[in-house]
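**Student:** Below is one structure. I have some questions about it.
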Amino acid sequence: DFVISKDQLVERLFGNDPSAQLNAFALKQKVAKQSVLKCRRLGAHEEAARYQVQLDEINEDIAMFQSQEVFARVNSKHNFLPNCDLHGQTALTAQLIVYEIYTYFKSQKEKAAIQFITGRGQHSAGNVAKLRPALERMLNSEGLRYRVGDDGGSLVVYF
């Protein structure tokens with residue numbers, strides 16, 4: 001049996017007070033947008049560019065936060081690993097989730113085989129899979145063993 005639940009994984013990845021985090025992101029986003037616009041109106045283009053970088057980082061944080069909700073929703077029917085559905089994740093957040101699980105099992109010196117459902121790319125632009133190739137690159141770089149699932153839309157990773 002596995003000792004980490006998906007709820008614990010989500011908490012480790014994204015924190016434990018989602019509404020407070022979302023409110024904080026929204027406030028930071030609003031302030032950064034207003035600062036960009038004000039600096040542009042005043043002709044302070046260098047300062048506007050610095051605020052734009054901050055705004056872009058905040059927008060990335062918001063996208064990461066939203067991926068948490070997708071992860072929680074698609075995985076709610078299976079509370080405990082060994083299945084982890086990554087539908088709705090970006091390649092980056094899927095890699096972060098897999099890496100977090102990897103570091104957990106490595107730190108606990110436990111062995112596991114987990115199936116990560118990546119999909120076959122049918123809902124991606126051009127019907128090209130993005131998650132599985134990104135995860136395969138990461139797994140190869142970490143020297144982890146894995147196999148492609150029978151349907152081609154998942155990876156079974158051996159930790």
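Each chain in the structure tokens gets a letter, A, B, ..., in the order shown, and its residues are numbered from 1; ligands are numbered from 1 in order too.
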Near Ala94 (chain A), counting only C-alpha atoms, which residues have an atom at most 9 Å away, once you skip same-chain residues fewer than 3 positions from it, shown as a list in words?
**Tutor:**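 Skipping anything fewer than 3 positions along the chain leaves Leu86, His87, Gln89, Thr90, Ala91, Ile97, Val98, Tyr99, Thr118, Leu131, Ala134 and Leu135 of chain A.
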**Student:** Can I get the selected residues back with all heavy atoms, as a short mmCIF file (atom, residue, chain, number, x, y, z; two decimals), in the first residue's frame?
**Tutor:**
data_model
loop_
_atom_site.label_atom_id
_atom_site.label_comp_id
_atom_site.auth_asym_id
_atom_site.auth_seq_id
_atom_site.Cartn_x
_atom_site.Cartn_y
_atom_site.Cartn_z
N LEU A 86 -3.16 12.86 -15.30
CA LEU A 86 -2.53 14.15 -15.56
C LEU A 86 -3.25 14.97 -16.62
O LEU A 86 -2.74 16.00 -17.06
CB LEU A 86 -1.06 13.93 -15.96
CG LEU A 86 -0.19 13.28 -14.89
CD1 LEU A 86 1.18 12.95 -15.46
CD2 LEU A 86 -0.08 14.16 -13.66
N HIS A 87 -4.45 14.51 -17.03
CA HIS A 87 -5.22 15.30 -18.00
C HIS A 87 -5.41 16.72 -17.48
O HIS A 87 -5.64 16.93 -16.29
CB HIS A 87 -6.60 14.67 -18.23
CG HIS A 87 -6.59 13.53 -19.19
ND1 HIS A 87 -6.56 12.23 -18.76
CD2 HIS A 87 -6.58 13.50 -20.54
CE1 HIS A 87 -6.56 11.44 -19.83
NE2 HIS A 87 -6.56 12.18 -20.91
N GLN A 89 -3.20 19.06 -17.33
CA GLN A 89 -1.96 19.67 -16.86
C GLN A 89 -1.14 20.15 -18.04
O GLN A 89 -1.23 19.62 -19.14
CB GLN A 89 -1.13 18.65 -16.05
CG GLN A 89 -1.83 18.09 -14.84
CD GLN A 89 -2.24 19.16 -13.85
OE1 GLN A 89 -1.43 19.99 -13.48
NE2 GLN A 89 -3.50 19.14 -13.45
N THR A 90 -0.32 21.15 -17.80
CA THR A 90 0.68 21.52 -18.79
C THR A 90 1.83 20.54 -18.66
O THR A 90 1.92 19.79 -17.67
CB THR A 90 1.21 22.95 -18.55
OG1 THR A 90 1.91 22.97 -17.29
CG2 THR A 90 0.08 23.97 -18.54
N ALA A 91 2.72 20.53 -19.63
CA ALA A 91 3.89 19.65 -19.55
C ALA A 91 4.69 19.96 -18.29
O ALA A 91 5.14 19.05 -17.59
CB ALA A 91 4.75 19.79 -20.80
N ILE A 97 4.56 17.32 -10.86
CA ILE A 97 3.81 16.32 -10.10
C ILE A 97 4.57 15.00 -10.06
O ILE A 97 4.76 14.41 -8.99
CB ILE A 97 2.40 16.13 -10.69
CG1 ILE A 97 1.55 17.37 -10.42
CG2 ILE A 97 1.73 14.87 -10.14
CD1 ILE A 97 0.27 17.44 -11.22
N VAL A 98 5.05 14.54 -11.20
CA VAL A 98 5.79 13.28 -11.25
C VAL A 98 7.07 13.40 -10.44
O VAL A 98 7.43 12.48 -9.69
CB VAL A 98 6.07 12.86 -12.71
CG1 VAL A 98 7.00 11.65 -12.77
CG2 VAL A 98 4.77 12.56 -13.43
N TYR A 99 7.76 14.53 -10.56
CA TYR A 99 9.00 14.71 -9.82
C TYR A 99 8.74 14.74 -8.31
O TYR A 99 9.53 14.19 -7.54
CB TYR A 99 9.71 15.99 -10.27
CG TYR A 99 11.13 16.05 -9.74
CD1 TYR A 99 12.14 15.32 -10.34
CD2 TYR A 99 11.43 16.83 -8.64
CE1 TYR A 99 13.42 15.35 -9.86
CE2 TYR A 99 12.72 16.86 -8.14
CZ TYR A 99 13.71 16.13 -8.75
OH TYR A 99 14.99 16.16 -8.25
N THR A 118 -1.54 10.08 -19.21
CA THR A 118 -1.14 11.29 -19.92
C THR A 118 -2.08 11.63 -21.07
O THR A 118 -2.08 12.76 -21.54
CB THR A 118 0.27 11.10 -20.52
OG1 THR A 118 0.24 10.00 -21.42
CG2 THR A 118 1.30 10.86 -19.43
N LEU A 131 2.23 15.66 -23.11
CA LEU A 131 2.60 15.23 -21.76
C LEU A 131 3.55 14.04 -21.77
O LEU A 131 4.59 14.06 -21.10
CB LEU A 131 1.36 14.91 -20.93
CG LEU A 131 0.41 16.06 -20.63
CD1 LEU A 131 -0.73 15.59 -19.74
CD2 LEU A 131 1.14 17.23 -20.01
N ALA A 134 7.15 14.81 -22.85
CA ALA A 134 7.82 15.64 -21.84
C ALA A 134 8.20 14.81 -20.62
O ALA A 134 9.31 14.94 -20.08
CB ALA A 134 6.93 16.81 -21.43
N LEU A 135 7.29 13.93 -20.20
CA LEU A 135 7.58 13.08 -19.05
C LEU A 135 8.68 12.07 -19.38
O LEU A 135 9.54 11.79 -18.55
CB LEU A 135 6.32 12.36 -18.56
CG LEU A 135 5.28 13.25 -17.90
CD1 LEU A 135 4.05 12.45 -17.54
CD2 LEU A 135 5.85 13.94 -16.68
#
**Student:** So which one's closest to Ile117 (chain A), A:Tyr102, A:Asp85, A:Gln95, A:Leu55? Using only C-alpha atoms, please.
**Tutor:**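 Residue with the minimum atom-to-atom distance to Ile117 (chain A): A:Asp85.
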**Student:** Select, from A:Asn83, A:Val53, A:Ala24, A:Arg147, the residue with the minimum atom-to-atom distance to Val36 (chain A), counting only C-alpha atoms.
**Tutor:**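 Ranking A:Asn83, A:Val53, A:Ala24, A:Arg147 by distance to Val36 (chain A), first place goes to A:Val53.
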**Student:** Measuring between only C-alpha atoms, which one of A:Val148, A:Met138, A:Ala129, A:Leu155 shows the shortest distance to Ile114 (chain A)?
**Tutor:**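 Comparing A:Val148, A:Met138, A:Ala129, A:Leu155 against Ile114 (chain A), the winner is A:Leu155.
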**Student:** Which residues are close to Ser35 (chain A), i.e. within 10 Å by only C-alpha atoms, leaving aside same-chain residues fewer than 2 positions away? Reply as a PDB file with all heavy atoms, in the first residue's frame.
**Tutor:**
ATOM      1  N   GLN A  29      -2.098  40.466  -9.130  1.00  0.00           N
ATOM      2  CA  GLN A  29      -2.306  40.649 -10.559  1.00  0.00           C
ATOM      3  C   GLN A  29      -2.902  42.037 -10.832  1.00  0.00           C
ATOM      4  O   GLN A  29      -2.463  42.747 -11.730  1.00  0.00           O
ATOM      5  CB  GLN A  29      -3.220  39.553 -11.097  1.00  0.00           C
ATOM      6  CG  GLN A  29      -3.420  39.597 -12.595  1.00  0.00           C
ATOM      7  CD  GLN A  29      -4.412  38.538 -13.050  1.00  0.00           C
ATOM      8  OE1 GLN A  29      -5.462  38.366 -12.439  1.00  0.00           O
ATOM      9  NE2 GLN A  29      -4.068  37.841 -14.135  1.00  0.00           N
ATOM     10  N   LYS A  30      -3.883  42.422 -10.039  1.00  0.00           N
ATOM     11  CA  LYS A  30      -4.538  43.723 -10.215  1.00  0.00           C
ATOM     12  C   LYS A  30      -3.552  44.867 -10.006  1.00  0.00           C
ATOM     13  O   LYS A  30      -3.485  45.802 -10.815  1.00  0.00           O
ATOM     14  CB  LYS A  30      -5.709  43.844  -9.234  1.00  0.00           C
ATOM     15  CG  LYS A  30      -6.472  45.138  -9.340  1.00  0.00           C
ATOM     16  CD  LYS A  30      -7.628  45.169  -8.362  1.00  0.00           C
ATOM     17  CE  LYS A  30      -8.379  46.491  -8.458  1.00  0.00           C
ATOM     18  NZ  LYS A  30      -9.491  46.549  -7.505  1.00  0.00           N
ATOM     19  N   VAL A  31      -2.753  44.776  -8.949  1.00  0.00           N
ATOM     20  CA  VAL A  31      -1.777  45.831  -8.660  1.00  0.00           C
ATOM     21  C   VAL A  31      -0.731  45.914  -9.771  1.00  0.00           C
ATOM     22  O   VAL A  31      -0.377  47.004 -10.224  1.00  0.00           O
ATOM     23  CB  VAL A  31      -1.114  45.591  -7.283  1.00  0.00           C
ATOM     24  CG1 VAL A  31       0.075  46.505  -7.076  1.00  0.00           C
ATOM     25  CG2 VAL A  31      -2.139  45.781  -6.169  1.00  0.00           C
ATOM     26  N   ALA A  32      -0.253  44.766 -10.228  1.00  0.00           N
ATOM     27  CA  ALA A  32       0.761  44.758 -11.289  1.00  0.00           C
ATOM     28  C   ALA A  32       0.200  45.332 -12.590  1.00  0.00           C
ATOM     29  O   ALA A  32       0.870  46.121 -13.270  1.00  0.00           O
ATOM     30  CB  ALA A  32       1.292  43.341 -11.500  1.00  0.00           C
ATOM     31  N   LYS A  33      -1.033  44.962 -12.943  1.00  0.00           N
ATOM     32  CA  LYS A  33      -1.653  45.505 -14.160  1.00  0.00           C
ATOM     33  C   LYS A  33      -1.788  47.022 -14.077  1.00  0.00           C
ATOM     34  O   LYS A  33      -1.477  47.742 -15.031  1.00  0.00           O
ATOM     35  CB  LYS A  33      -3.051  44.896 -14.368  1.00  0.00           C
ATOM     36  CG  LYS A  33      -3.074  43.546 -14.995  1.00  0.00           C
ATOM     37  CD  LYS A  33      -4.516  43.088 -15.174  1.00  0.00           C
ATOM     38  CE  LYS A  33      -4.602  41.690 -15.725  1.00  0.00           C
ATOM     39  NZ  LYS A  33      -5.995  41.217 -15.833  1.00  0.00           N
ATOM     40  N   LEU A  37       0.070  49.878 -16.508  1.00  0.00           N
ATOM     41  CA  LEU A  37      -0.687  50.901 -17.243  1.00  0.00           C
ATOM     42  C   LEU A  37      -0.295  52.319 -16.826  1.00  0.00           C
ATOM     43  O   LEU A  37      -0.120  53.204 -17.665  1.00  0.00           O
ATOM     44  CB  LEU A  37      -2.185  50.685 -17.051  1.00  0.00           C
ATOM     45  CG  LEU A  37      -2.747  49.390 -17.656  1.00  0.00           C
ATOM     46  CD1 LEU A  37      -4.210  49.212 -17.276  1.00  0.00           C
ATOM     47  CD2 LEU A  37      -2.571  49.388 -19.170  1.00  0.00           C
ATOM     48  N   LYS A  38      -0.134  52.531 -15.522  1.00  0.00           N
ATOM     49  CA  LYS A  38       0.231  53.860 -15.023  1.00  0.00           C
ATOM     50  C   LYS A  38       1.612  54.261 -15.533  1.00  0.00           C
ATOM     51  O   LYS A  38       1.813  55.389 -15.985  1.00  0.00           O
ATOM     52  CB  LYS A  38       0.204  53.865 -13.496  1.00  0.00           C
ATOM     53  CG  LYS A  38       0.517  55.215 -12.900  1.00  0.00           C
ATOM     54  CD  LYS A  38       0.407  55.192 -11.394  1.00  0.00           C
ATOM     55  CE  LYS A  38       0.721  56.554 -10.809  1.00  0.00           C
ATOM     56  NZ  LYS A  38       0.653  56.529  -9.344  1.00  0.00           N
ATOM     57  N   CYS A  39       2.576  53.341 -15.475  1.00  0.00           N
ATOM     58  CA  CYS A  39       3.930  53.653 -15.946  1.00  0.00           C
ATOM     59  C   CYS A  39       3.931  53.944 -17.438  1.00  0.00           C
ATOM     60  O   CYS A  39       4.641  54.856 -17.900  1.00  0.00           O
ATOM     61  CB  CYS A  39       4.882  52.505 -15.626  1.00  0.00           C
ATOM     62  SG  CYS A  39       5.258  52.361 -13.866  1.00  0.00           S
ATOM     63  N   ARG A  40       3.147  53.218 -18.191  1.00  0.00           N
ATOM     64  CA  ARG A  40       3.076  53.485 -19.636  1.00  0.00           C
ATOM     65  C   ARG A  40       2.480  54.853 -19.916  1.00  0.00           C
ATOM     66  O   ARG A  40       2.942  55.571 -20.803  1.00  0.00           O
ATOM     67  CB  ARG A  40       2.261  52.394 -20.329  1.00  0.00           C
ATOM     68  CG  ARG A  40       3.019  51.083 -20.459  1.00  0.00           C
ATOM     69  CD  ARG A  40       2.205  50.045 -21.168  1.00  0.00           C
ATOM     70  NE  ARG A  40       2.939  48.789 -21.240  1.00  0.00           N
ATOM     71  CZ  ARG A  40       2.375  47.616 -21.458  1.00  0.00           C
ATOM     72  NH1 ARG A  40       1.055  47.529 -21.648  1.00  0.00           N
ATOM     73  NH2 ARG A  40       3.108  46.525 -21.495  1.00  0.00           N
ATOM     74  N   ARG A  41       1.423  55.205 -19.173  1.00  0.00           N
ATOM     75  CA  ARG A  41       0.800  56.527 -19.353  1.00  0.00           C
ATOM     76  C   ARG A  41       1.786  57.643 -19.045  1.00  0.00           C
ATOM     77  O   ARG A  41       1.771  58.692 -19.690  1.00  0.00           O
ATOM     78  CB  ARG A  41      -0.429  56.670 -18.448  1.00  0.00           C
ATOM     79  CG  ARG A  41      -1.709  56.144 -19.037  1.00  0.00           C
ATOM     80  CD  ARG A  41      -2.942  56.630 -18.282  1.00  0.00           C
ATOM     81  NE  ARG A  41      -2.837  56.555 -16.836  1.00  0.00           N
ATOM     82  CZ  ARG A  41      -3.182  55.494 -16.086  1.00  0.00           C
ATOM     83  NH1 ARG A  41      -3.659  54.410 -16.672  1.00  0.00           N
ATOM     84  NH2 ARG A  41      -3.070  55.515 -14.788  1.00  0.00           N
ATOM     85  N   GLU A  47      10.351  51.126 -16.206  1.00  0.00           N
ATOM     86  CA  GLU A  47       9.618  50.698 -15.012  1.00  0.00           C
ATOM     87  C   GLU A  47       8.398  49.858 -15.404  1.00  0.00           C
ATOM     88  O   GLU A  47       8.078  48.856 -14.768  1.00  0.00           O
ATOM     89  CB  GLU A  47       9.201  51.908 -14.181  1.00  0.00           C
ATOM     90  CG  GLU A  47       8.728  51.533 -12.787  1.00  0.00           C
ATOM     91  CD  GLU A  47       8.534  52.750 -11.894  1.00  0.00           C
ATOM     92  OE1 GLU A  47       8.936  53.866 -12.268  1.00  0.00           O
ATOM     93  OE2 GLU A  47       7.957  52.551 -10.814  1.00  0.00           O
ATOM     94  N   ALA A  48       7.732  50.251 -16.485  1.00  0.00           N
ATOM     95  CA  ALA A  48       6.586  49.469 -16.979  1.00  0.00           C
ATOM     96  C   ALA A  48       7.038  48.064 -17.363  1.00  0.00           C
ATOM     97  O   ALA A  48       6.333  47.083 -17.095  1.00  0.00           O
ATOM     98  CB  ALA A  48       5.940  50.165 -18.169  1.00  0.00           C
ATOM     99  N   ARG A  50       9.526  46.380 -16.043  1.00  0.00           N
ATOM    100  CA  ARG A  50       9.759  45.609 -14.802  1.00  0.00           C
ATOM    101  C   ARG A  50       8.427  45.104 -14.225  1.00  0.00           C
ATOM    102  O   ARG A  50       8.325  43.960 -13.794  1.00  0.00           O
ATOM    103  CB  ARG A  50      10.504  46.457 -13.785  1.00  0.00           C
ATOM    104  CG  ARG A  50      11.985  46.604 -14.091  1.00  0.00           C
ATOM    105  CD  ARG A  50      12.748  47.162 -12.899  1.00  0.00           C
ATOM    106  NE  ARG A  50      12.315  48.508 -12.521  1.00  0.00           N
ATOM    107  CZ  ARG A  50      12.801  49.637 -13.047  1.00  0.00           C
ATOM    108  NH1 ARG A  50      13.726  49.588 -13.972  1.00  0.00           N
ATOM    109  NH2 ARG A  50      12.354  50.802 -12.636  1.00  0.00           N
ATOM    110  N   TYR A  51       7.421  45.975 -14.225  1.00  0.00           N
ATOM    111  CA  TYR A  51       6.110  45.546 -13.732  1.00  0.00           C
ATOM    112  C   TYR A  51       5.499  44.478 -14.645  1.00  0.00           C
ATOM    113  O   TYR A  51       4.812  43.575 -14.185  1.00  0.00           O
ATOM    114  CB  TYR A  51       5.152  46.732 -13.592  1.00  0.00           C
ATOM    115  CG  TYR A  51       5.382  47.547 -12.345  1.00  0.00           C
ATOM    116  CD1 TYR A  51       5.774  48.877 -12.421  1.00  0.00           C
ATOM    117  CD2 TYR A  51       5.202  46.988 -11.080  1.00  0.00           C
ATOM    118  CE1 TYR A  51       5.984  49.631 -11.277  1.00  0.00           C
ATOM    119  CE2 TYR A  51       5.418  47.734  -9.931  1.00  0.00           C
ATOM    120  CZ  TYR A  51       5.806  49.056 -10.035  1.00  0.00           C
ATOM    121  OH  TYR A  51       6.020  49.781  -8.902  1.00  0.00           O
ATOM    122  N   GLN A  52       5.762  44.571 -15.938  1.00  0.00           N
ATOM    123  CA  GLN A  52       5.246  43.564 -16.871  1.00  0.00           C
ATOM    124  C   GLN A  52       5.861  42.202 -16.588  1.00  0.00           C
ATOM    125  O   GLN A  52       5.173  41.181 -16.654  1.00  0.00           O
ATOM    126  CB  GLN A  52       5.521  43.974 -18.324  1.00  0.00           C
ATOM    127  CG  GLN A  52       4.914  43.030 -19.337  1.00  0.00           C
ATOM    128  CD  GLN A  52       3.391  42.984 -19.258  1.00  0.00           C
ATOM    129  OE1 GLN A  52       2.735  44.020 -19.286  1.00  0.00           O
ATOM    130  NE2 GLN A  52       2.820  41.791 -19.152  1.00  0.00           N
ATOM    131  N   LEU A  55       4.051  40.907 -13.673  1.00  0.00           N
ATOM    132  CA  LEU A  55       2.717  40.478 -14.080  1.00  0.00           C
ATOM    133  C   LEU A  55       2.778  39.125 -14.777  1.00  0.00           C
ATOM    134  O   LEU A  55       1.949  38.242 -14.512  1.00  0.00           O
ATOM    135  CB  LEU A  55       2.074  41.522 -14.992  1.00  0.00           C
ATOM    136  CG  LEU A  55       0.678  41.211 -15.514  1.00  0.00           C
ATOM    137  CD1 LEU A  55      -0.311  41.012 -14.372  1.00  0.00           C
ATOM    138  CD2 LEU A  55       0.205  42.331 -16.433  1.00  0.00           C
TER     139      LEU A  55
END
**Student:** When you draw a straight line from CA of Lys111 (chain A) to CA of Tyr158 (chain A), how long is it in Å?
**Tutor:**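 According to the coordinates, CA of Lys111 (chain A) and CA of Tyr158 (chain A) are separated by 7.4 Å.
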**Student:** At what distance in Å, to one decimal, does CA of Gln54 (chain A) lie from CA of Gln34 (chain A)?
**Tutor:**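 Taking CA of Gln34 (chain A) as the start and CA of Gln54 (chain A) as the end point, the length is 11.9 Å.
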**Student:** Within region 63-155 of chain A, find each residue whose DSSP state, derived from the backbone, is strand (DSSP E), and express the selection as a count of residues only.
**Tutor:** 14
**Student:** So what do you get for CA of Asn127 (chain A) versus CA of Gly149 (chain A), distance-wise?
**Tutor:**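 Computing it gives 18.4 Å between the two atoms.
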**Student:** Can you tell me which residues surround Ala113 (chain A) at a distance of at most 12 Å, considering only C-alpha atoms, apart from same-chain residues fewer than 6 positions away, and format the answer as an MDAnalysis selection string?
**Tutor:** chainID A and resid 1:2 81:84 101:102 105 144:147 155:159
**Student:** Between A:Thr93, A:Gly143, A:Ile62, A:Ala112, which residue has the minimum interatomic distance to Leu27 (chain A), considering only C-alpha atoms?
**Tutor:**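 The answer is A:Ile62, which sits nearest to Leu27 (chain A).
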